[in-house]
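Q: Structure file run_23.tsv (TSV, C-alpha atoms and all ligand atoms) is given on the next line.
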chain	number	residue	atom	x	y	z
E	1	MET	CA	154.19	-52.15	166.16
E	2	LYS	CA	154.32	-48.64	167.53
E	3	SER	CA	151.51	-49.15	170.02
E	4	PHE	CA	153.22	-52.36	171.14
E	5	GLN	CA	156.39	-50.38	171.91
E	6	ILE	CA	154.38	-47.80	173.82
E	7	ARG	CA	152.69	-50.52	175.84
E	8	LEU	CA	156.07	-52.10	176.58
E	9	MET	CA	157.39	-48.75	177.78
E	10	ALA	CA	154.32	-48.24	179.94
E	11	ILE	CA	154.78	-51.68	181.50
E	12	THR	CA	158.47	-51.02	182.16
E	13	LEU	CA	157.67	-47.65	183.72
E	14	GLY	CA	154.90	-49.23	185.81
E	15	MET	CA	157.23	-51.91	187.10
E	16	PHE	CA	159.82	-49.28	187.93
E	17	LEU	CA	157.25	-47.26	189.88
E	18	VAL	CA	155.99	-50.29	191.78
E	19	PHE	CA	159.54	-51.28	192.63
E	20	SER	CA	160.60	-47.84	193.83
E	21	PHE	CA	157.40	-47.42	195.82
E	22	SER	CA	157.72	-50.78	197.61
E	23	HIS	CA	161.38	-50.09	198.24
E	24	HIS	CA	160.46	-46.77	199.83
E	25	ALA	CA	157.68	-48.39	201.89
E	26	SER	CA	160.00	-51.04	203.33
E	27	ALA	CA	162.57	-48.38	204.23
E	28	GLN	CA	159.88	-46.64	206.26
E	29	THR	CA	158.96	-49.79	208.16
E	30	ALA	CA	162.62	-50.25	209.17
E	31	GLY	CA	161.88	-48.02	212.18
E	32	TRP	CA	159.71	-49.01	215.14
E	33	THR	CA	155.99	-48.43	214.74
E	34	ILE	CA	154.77	-47.62	218.23
E	35	ALA	CA	151.14	-46.70	218.91
E	36	PRO	CA	150.82	-43.21	220.48
E	37	LYS	CA	149.29	-44.62	223.70
E	38	PHE	CA	152.70	-46.07	224.66
E	39	LYS	CA	154.23	-42.57	224.74
E	40	THR	CA	152.03	-41.54	227.64
E	41	MET	CA	151.65	-44.93	229.37
E	42	LYS	CA	152.67	-44.74	233.01
E	43	ASN	CA	155.14	-47.27	234.40
E	44	PRO	CA	153.07	-49.02	237.12
E	45	VAL	CA	156.21	-50.30	238.88
E	46	ALA	CA	157.79	-47.61	241.03
E	47	SER	CA	161.52	-47.32	240.49
E	48	GLY	CA	163.47	-48.19	243.61
E	49	LYS	CA	166.09	-50.57	244.95
E	50	GLU	CA	163.89	-53.64	244.61
E	51	SER	CA	162.59	-53.14	241.07
E	52	ILE	CA	166.01	-52.05	239.82
E	53	SER	CA	167.63	-55.18	241.21
E	54	ASP	CA	164.83	-57.35	239.73
E	55	GLY	CA	165.32	-55.60	236.39
E	56	LYS	CA	169.08	-56.02	236.57
E	57	GLU	CA	168.74	-59.75	237.14
E	58	LEU	CA	166.36	-60.15	234.20
E	59	PHE	CA	168.60	-58.01	232.01
E	60	ALA	CA	171.61	-60.20	232.80
E	61	LYS	CA	169.62	-63.30	231.92
E	62	HIS	CA	167.79	-62.12	228.78
E	63	CYS	CA	169.40	-59.01	227.32
E	64	LYS	CA	173.08	-58.74	228.18
E	65	SER	CA	174.24	-61.23	225.52
E	66	CYS	CA	173.33	-58.68	222.83
E	67	HIS	CA	173.03	-55.34	224.62
E	68	GLY	CA	176.18	-55.72	226.74
E	69	SER	CA	176.63	-55.51	230.50
E	70	THR	CA	176.23	-51.71	230.53
E	71	GLY	CA	173.77	-51.48	227.62
E	72	LEU	CA	176.23	-50.10	225.09
E	73	GLY	CA	175.15	-52.69	222.51
E	74	ASP	CA	178.43	-54.56	222.75
E	75	GLY	CA	177.40	-57.99	224.09
E	76	PRO	CA	179.11	-61.05	222.57
E	77	LYS	CA	176.07	-61.83	220.37
E	78	ALA	CA	176.00	-58.29	218.94
E	79	ALA	CA	179.05	-59.03	216.79
E	80	THR	CA	177.09	-61.75	214.97
E	81	LEU	CA	174.20	-59.39	214.08
E	82	ASP	CA	174.00	-57.19	210.98
E	83	VAL	CA	172.13	-54.47	212.88
E	84	SER	CA	173.08	-52.26	215.79
E	85	CYS	CA	171.48	-53.05	219.16
E	86	GLY	CA	171.46	-49.36	220.07
E	87	ASP	CA	173.06	-47.63	223.05
E	88	PHE	CA	171.05	-47.49	226.27
E	89	SER	CA	173.43	-44.91	227.77
E	90	SER	CA	172.67	-42.36	225.04
E	91	LYS	CA	170.53	-39.25	225.50
E	92	LYS	CA	168.52	-40.29	222.46
E	93	PHE	CA	167.59	-43.65	223.99
E	94	GLN	CA	166.99	-42.23	227.45
E	95	SER	CA	164.55	-39.70	225.98
E	96	THR	CA	162.35	-42.59	224.83
E	97	ALA	CA	159.23	-42.88	227.02
E	98	ASP	CA	158.94	-45.79	229.50
E	99	GLY	CA	155.94	-47.15	227.60
E	100	GLU	CA	157.80	-47.11	224.29
E	101	ILE	CA	160.69	-49.12	225.77
E	102	PHE	CA	158.13	-51.49	227.34
E	103	PHE	CA	156.56	-51.90	223.88
E	104	GLN	CA	159.93	-52.53	222.21
E	105	MET	CA	160.91	-55.35	224.56
E	106	THR	CA	157.40	-56.81	224.53
E	107	GLU	CA	157.03	-56.95	220.75
E	108	GLY	CA	160.60	-57.10	219.44
E	109	LYS	CA	161.59	-56.29	215.86
E	110	GLY	CA	163.81	-58.17	213.40
E	111	LYS	CA	166.79	-59.53	215.33
E	112	MET	CA	165.44	-58.13	218.58
E	113	PRO	CA	163.34	-60.92	220.15
E	114	SER	CA	159.82	-60.46	221.55
E	115	PHE	CA	159.77	-61.02	225.30
E	116	LYS	CA	156.01	-61.37	225.61
E	117	LYS	CA	156.35	-65.10	226.30
E	118	LEU	CA	159.91	-65.24	227.63
E	119	ILE	CA	159.14	-62.66	230.34
E	120	PRO	CA	155.35	-63.04	230.61
E	121	GLU	CA	154.79	-60.82	233.68
E	122	ASP	CA	154.17	-57.22	232.55
E	123	ASN	CA	155.62	-55.94	235.83
E	124	SER	CA	158.88	-57.79	235.22
E	125	ARG	CA	159.27	-55.98	231.90
E	126	TRP	CA	158.46	-52.67	233.62
E	127	ALA	CA	161.17	-53.47	236.18
E	128	ILE	CA	163.64	-53.87	233.30
E	129	VAL	CA	162.62	-50.39	232.09
E	130	ASN	CA	163.54	-49.07	235.56
E	131	TYR	CA	166.91	-50.81	235.37
E	132	LEU	CA	167.61	-49.44	231.85
E	133	ARG	CA	167.20	-45.91	233.31
E	134	THR	CA	170.22	-46.56	235.54
E	135	LEU	CA	172.36	-47.13	232.43
E	136	ALA	CA	172.16	-43.47	231.34
E	137	ALA	CA	175.59	-41.90	230.84
E	138	LYS	CA	176.51	-39.96	233.97
D	1	LIG	C1	169.50	-61.56	220.16
D	1	LIG	C2	169.96	-60.24	220.54
D	1	LIG	C3	169.08	-59.40	221.44
D	1	LIG	C4	168.58	-59.73	222.69
D	1	LIG	C5	168.78	-61.02	223.45
D	1	LIG	C6	167.88	-58.55	223.13
D	1	LIG	N1	167.91	-57.57	222.18
D	1	LIG	FE1	167.08	-55.72	222.31
D	1	LIG	N2	167.69	-55.29	220.43
D	1	LIG	C7	168.42	-56.13	219.62
D	1	LIG	C8	168.58	-55.53	218.31
D	1	LIG	C9	169.31	-56.14	217.15
D	1	LIG	C10	167.91	-54.29	218.37
D	1	LIG	C11	167.72	-53.31	217.22
D	1	LIG	C12	166.52	-53.79	216.44
D	1	LIG	C13	166.26	-52.99	215.19
D	1	LIG	O1	166.30	-51.75	215.25
D	1	LIG	O2	165.97	-53.61	214.16
D	1	LIG	C14	167.38	-54.18	219.71
D	1	LIG	C15	166.68	-53.07	220.17
D	1	LIG	C16	166.20	-52.92	221.44
D	1	LIG	C17	165.54	-51.75	221.94
D	1	LIG	C18	165.33	-50.47	221.17
D	1	LIG	C19	166.63	-49.70	221.24
D	1	LIG	C20	166.61	-48.34	220.60
D	1	LIG	O3	167.69	-47.77	220.49
D	1	LIG	O4	165.54	-47.88	220.21
D	1	LIG	C21	165.22	-51.99	223.26
D	1	LIG	C22	164.53	-51.05	224.22
D	1	LIG	C23	165.68	-53.33	223.55
D	1	LIG	N3	166.27	-53.86	222.45
D	1	LIG	C24	165.54	-53.91	224.78
D	1	LIG	C25	165.92	-55.23	225.05
D	1	LIG	C26	165.68	-55.87	226.32
D	1	LIG	C27	165.09	-55.19	227.52
D	1	LIG	C28	166.12	-57.15	226.19
D	1	LIG	C29	166.04	-58.27	227.21
D	1	LIG	C30	164.77	-58.45	227.87
D	1	LIG	C31	166.66	-57.30	224.84
D	1	LIG	N4	166.51	-56.11	224.20
D	1	LIG	C32	167.23	-58.46	224.35
D	1	LIG	C33	168.92	-57.37	219.99
D	1	LIG	C34	168.64	-58.05	221.14
Could you take the file, read its structure, and then write that structure out as structure tokens?

A:
Amino acid sequence: MKSFQIRLMAITLGMFLVFSFSHHASAQTAGWTIAPKFKTMKNPVASGKESISDGKELFAKHCKSCHGSTGLGDGPKAATLDVSCGDFSSKKFQSTADGEIFFQMTEGKGKMPSFKKLIPEDNSRWAIVNYLRTLAAK
């Protein structure tokens, strides 16, 4: 009987450990996992009038509904989401590298859609990065 109780305790403890470990692991994956190469990737589309206006047009069509017209994360769809869309005017966001932002819109995460197929031209997504830079708080 005693060894049975010990085994039961061991199983309970094991289950507890597995649960707390998996819980911890999923909390870690809540952030973006971005390969280091995106931090140093150069934006091949020079920022200028043309690319900013291209990016603005694409943003209005694909992003504004959630991210809001000035990127504050206050678009009409944002209210229906249980996660924050972030704030593109913030210092924290603006300190993200071009390549990381490119990765985020290409791959998506959770409620944030992947735009790999919706905006298939890489250079169009780079143009959006250029537009997002204009949303920095002045
Ligand atoms: C359906 C709503 C929705 C649409 C449409 C959308 N996003 Fe998002 N976006 C989100 C959400 C929600 C997050 C936060 C995701 C998370 O952290 O789980 C996010 C996060 C991001 C981030 C990371 C922000 C940060 O603070 O790190 C970037 C960059 C981004 N979106 C760019 C875009 C661009 C560019 C478009 C259009 C091409 C777009 N998003 C369209 C909902 C949306």

Q: Excluding Asn43 in chain E and any residue of its chain fewer than 2 positions from it, enumerate the residues within 9 Å of it, using only C-alpha atoms, and give them as a count of residues only.

A: 12

Q: If you count only C-alpha atoms and all ligand atoms, which residues end up within 9 Å of ligand LIG 1 (chain D), as a PyMOL selection string?

A: chain E and resi 30-32+55+58-67+73+75+77-78+81-88+90+92-94+96+100-106+108-115+118-119+125+128-129+132

Q: Hey, can you check how far CA of Lys117 in chain E sits from CA of Pro44 in chain E?

A: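 Answer for the CA of Lys117 in chain E to CA of Pro44 in chain E separation: 19.7 Å.
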
Q: Quick one: of E:Ser69, E:Pro120, E:Ile34, E:Ala136, who's nearest to Ser95 in chain E, counting all atoms listed in the file?

A: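 Smallest separation from Ser95 in chain E among the options: E:Ala136.
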
Q: Distance CA of Thr70 in chain E-CA of Lys91 in chain E, one decimal place?

A: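 Separation of CA of Thr70 in chain E and CA of Lys91 in chain E: 14.6 Å.
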